[in-house]
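Take a look at the structure set out below.
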Amino acid sequence: MRDLEWLDPLPELAPDPELEQYWMRTNGVAAPHTRYFGPCPWILHADAELDIGFIHINDIADQIYLVISRDNSCRFCYGASRALMRMAGTSEKRIRALEEDVDLARLDPKTRLAFEYARRVSRANPAPDATERKKLLEAGYPENAIKELAFFASDVGFHNRFSTLLALPPRRLERLGRAPWVYLGRLFTRKLLARVQTPGRLTPLPDSARTGPYSEVVVGLEGLPHAPVLSKVLDEAWASPHLKPRSKALIFAVIARGLGSLPAEREAWRLLAEQGVEPAQAEKILAHLGSPDLDPVEAQILPYVRETIRYQPAAIQRRGRELRKHISNAQLLDTVGLAALANMVCRLATQLETA
């Protein structure tokens with residue numbers, strides 16, 4: 001992973017003292033990557049809040065994060081995951097076993113099923129179907145545990161994508177994760193480790209979370225602590241001022257079509273209709289990723305967004321550099337964040353529909 005080609009960061013440094021204080025209050029530790037997200041704080045809020053508090057999979061979540069981040073070739077997330085696992089007391093031997101044993105043969109059969117399902121949700125090539133869900137049920141995973149697995153696998157992809165697409169700098173994390181004294185880091189990251197390791201609880205879904213973009217996906221997670229958090233992330237993403245609501249709906253439509261996620265595409269069409277986009281017009285845009293009806297920013301970002309479904313890190317980072325020549329720094333951040341969020345939500349929507 002350390003030899004994987006990785007470019008310099010794409011976004012401009014845009015520090016926001018309030019946002020950095022939020023991260024410090026939430027996690028109890030500073031993080032250099034917070035300095036890039038001043039124009040789009042919703043991405044950092046999502047980064048901090050989405051992947052904690054699991055009810056059913058808390059004991060394997062860190063390992064799933066490591067494996068999927070490796071699958072997705074995200075040096076930043078992989079380095080962060082490795083460092084946190086070492087700080088939490090996971091042995092170097094155990095981490096290397098996960099790194100080297102691609103088929104996960106050393107896991108017990110039940111855990112291996114969970115890992116295989118999570119990896120297939122992340123890859124979506126093809127996505128797991130009802131047969132694989134049935135295997136998990138027969139192995140003893142309750143329905144909500146399977147939903148948690150689907151959510152987390154999709155969520156790891158969100159972190160992997162925005163980190164990779166923006167080429168967030170990984171070297172400090174990589175050095176930390178392999179330092180022989182890394183376990184001492186737990187003295188300075190106690191708050192973060194406590195948040196990551198504390199199991200979640202059944203959480204009621206407020207009425208306010210039952211409406212808005214992709215609320216059906218949120219409702220599909222009802223009871224899990226991540227449902228209201230996902231609703232908040234979607235609302236903040238849609239409220240971000242740098243791209244039009246129509247542009248955001250088009251981003252989700254492009255990702256949904258590329259993944260073959262019918263429930264996600266239906267919602268994208270509904271959101272486009274709210275913005276006055278006729279079905280024939282939307283179909284023409286999705287078929288060709290271009291149309292005289294697109295504004296200059298949409299014409300630049302939609303072909304790029306399509307490439308975020310599957311990519312090689314250095315290639316997509318170079319593509320992002322080209323895109324950055326045509327749009328503002330804030331628009332780049334919103335485009336990347338929304339593309340990552342759309343990849344997450346569309347994968348998750350497919351799994352919730354098969355539940």
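The way I read the labels, and the way they are meant: chains A, B, ... in the order of the structure tokens, residue 1 as the first residue of every chain, and ligand 1 as the first ligand shown, with later ones counted on from there.
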Margin query: If we count only C-alpha atoms and set the cut-off at 7 Å, which residues sit around segment 341-347 of chain A, ignoring sequence neighbours fewer than 5 positions away in its own chain? Please answer as an MDAnalysis selection string.
Written below: chainID A and resid 121 154:155 157:158 252 255:256 261 264 309
Shell around Glu216 of chain A at 10 Å using only C-alpha atoms, local window under 2 positions removed, as a PDB file with C-alpha atoms, in the first residue's frame:
```pdb
ATOM      1  CA  ALA A 209     -35.624  12.355   9.419  1.00  0.00           C
ATOM      2  CA  ARG A 210     -38.516  10.759   7.524  1.00  0.00           C
ATOM      3  CA  THR A 211     -38.506  13.376   4.788  1.00  0.00           C
ATOM      4  CA  GLY A 212     -35.844  14.864   2.558  1.00  0.00           C
ATOM      5  CA  PRO A 213     -33.447  13.397  -0.013  1.00  0.00           C
ATOM      6  CA  TYR A 214     -33.132   9.610   0.241  1.00  0.00           C
ATOM      7  CA  VAL A 218     -32.761   6.466   6.265  1.00  0.00           C
ATOM      8  CA  VAL A 219     -36.080   4.872   7.255  1.00  0.00           C
ATOM      9  CA  GLY A 220     -34.727   1.499   6.107  1.00  0.00           C
ATOM     10  CA  LEU A 221     -32.116   1.815   8.874  1.00  0.00           C
ATOM     11  CA  GLU A 222     -34.703   2.727  11.517  1.00  0.00           C
ATOM     12  CA  PRO A 263     -34.278   2.321  -5.731  1.00  0.00           C
ATOM     13  CA  ALA A 264     -31.592   5.004  -5.701  1.00  0.00           C
ATOM     14  CA  GLU A 267     -35.307   8.752  -5.818  1.00  0.00           C
ATOM     15  CA  ALA A 349     -30.252   1.406  -1.064  1.00  0.00           C
ATOM     16  CA  LEU A 352     -32.081  -2.392   1.946  1.00  0.00           C
ATOM     17  CA  GLU A 353     -34.457  -3.151  -0.920  1.00  0.00           C
TER      18      GLU A 353
END
```
Item checked: atom CA of Phe76 of chain A to atom CA of Thr111 of chain A, straight-line distance in Å -> 25.6 Å
Next item on the list: Would you please work out which residue, of A:Ile301, A:Leu136, A:Leu234, A:Ala340, is nearest to Trp42 of chain A when using only C-alpha atoms?
Entry: A:Leu234
Notebook entry, point to check: Which residue out of A:Ala330, A:Leu166, A:Val277, A:Ile285 has the minimum interatomic distance to His33 of chain A when only C-alpha atoms are used?
Noted result: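 Ranked by minimum distance to His33 of chain A, first place goes to A:Leu166.
One finds atom CA of Ser163 of chain A at 12.0 Å from atom CA of Thr308 of chain A.
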Item checked: Within 10 Å of His226 of chain A using only C-alpha atoms, minus same-chain residues under 6 positions, as a ChimeraX atom specification -> /A:49-54,148,151-152,200-203,205,218,232
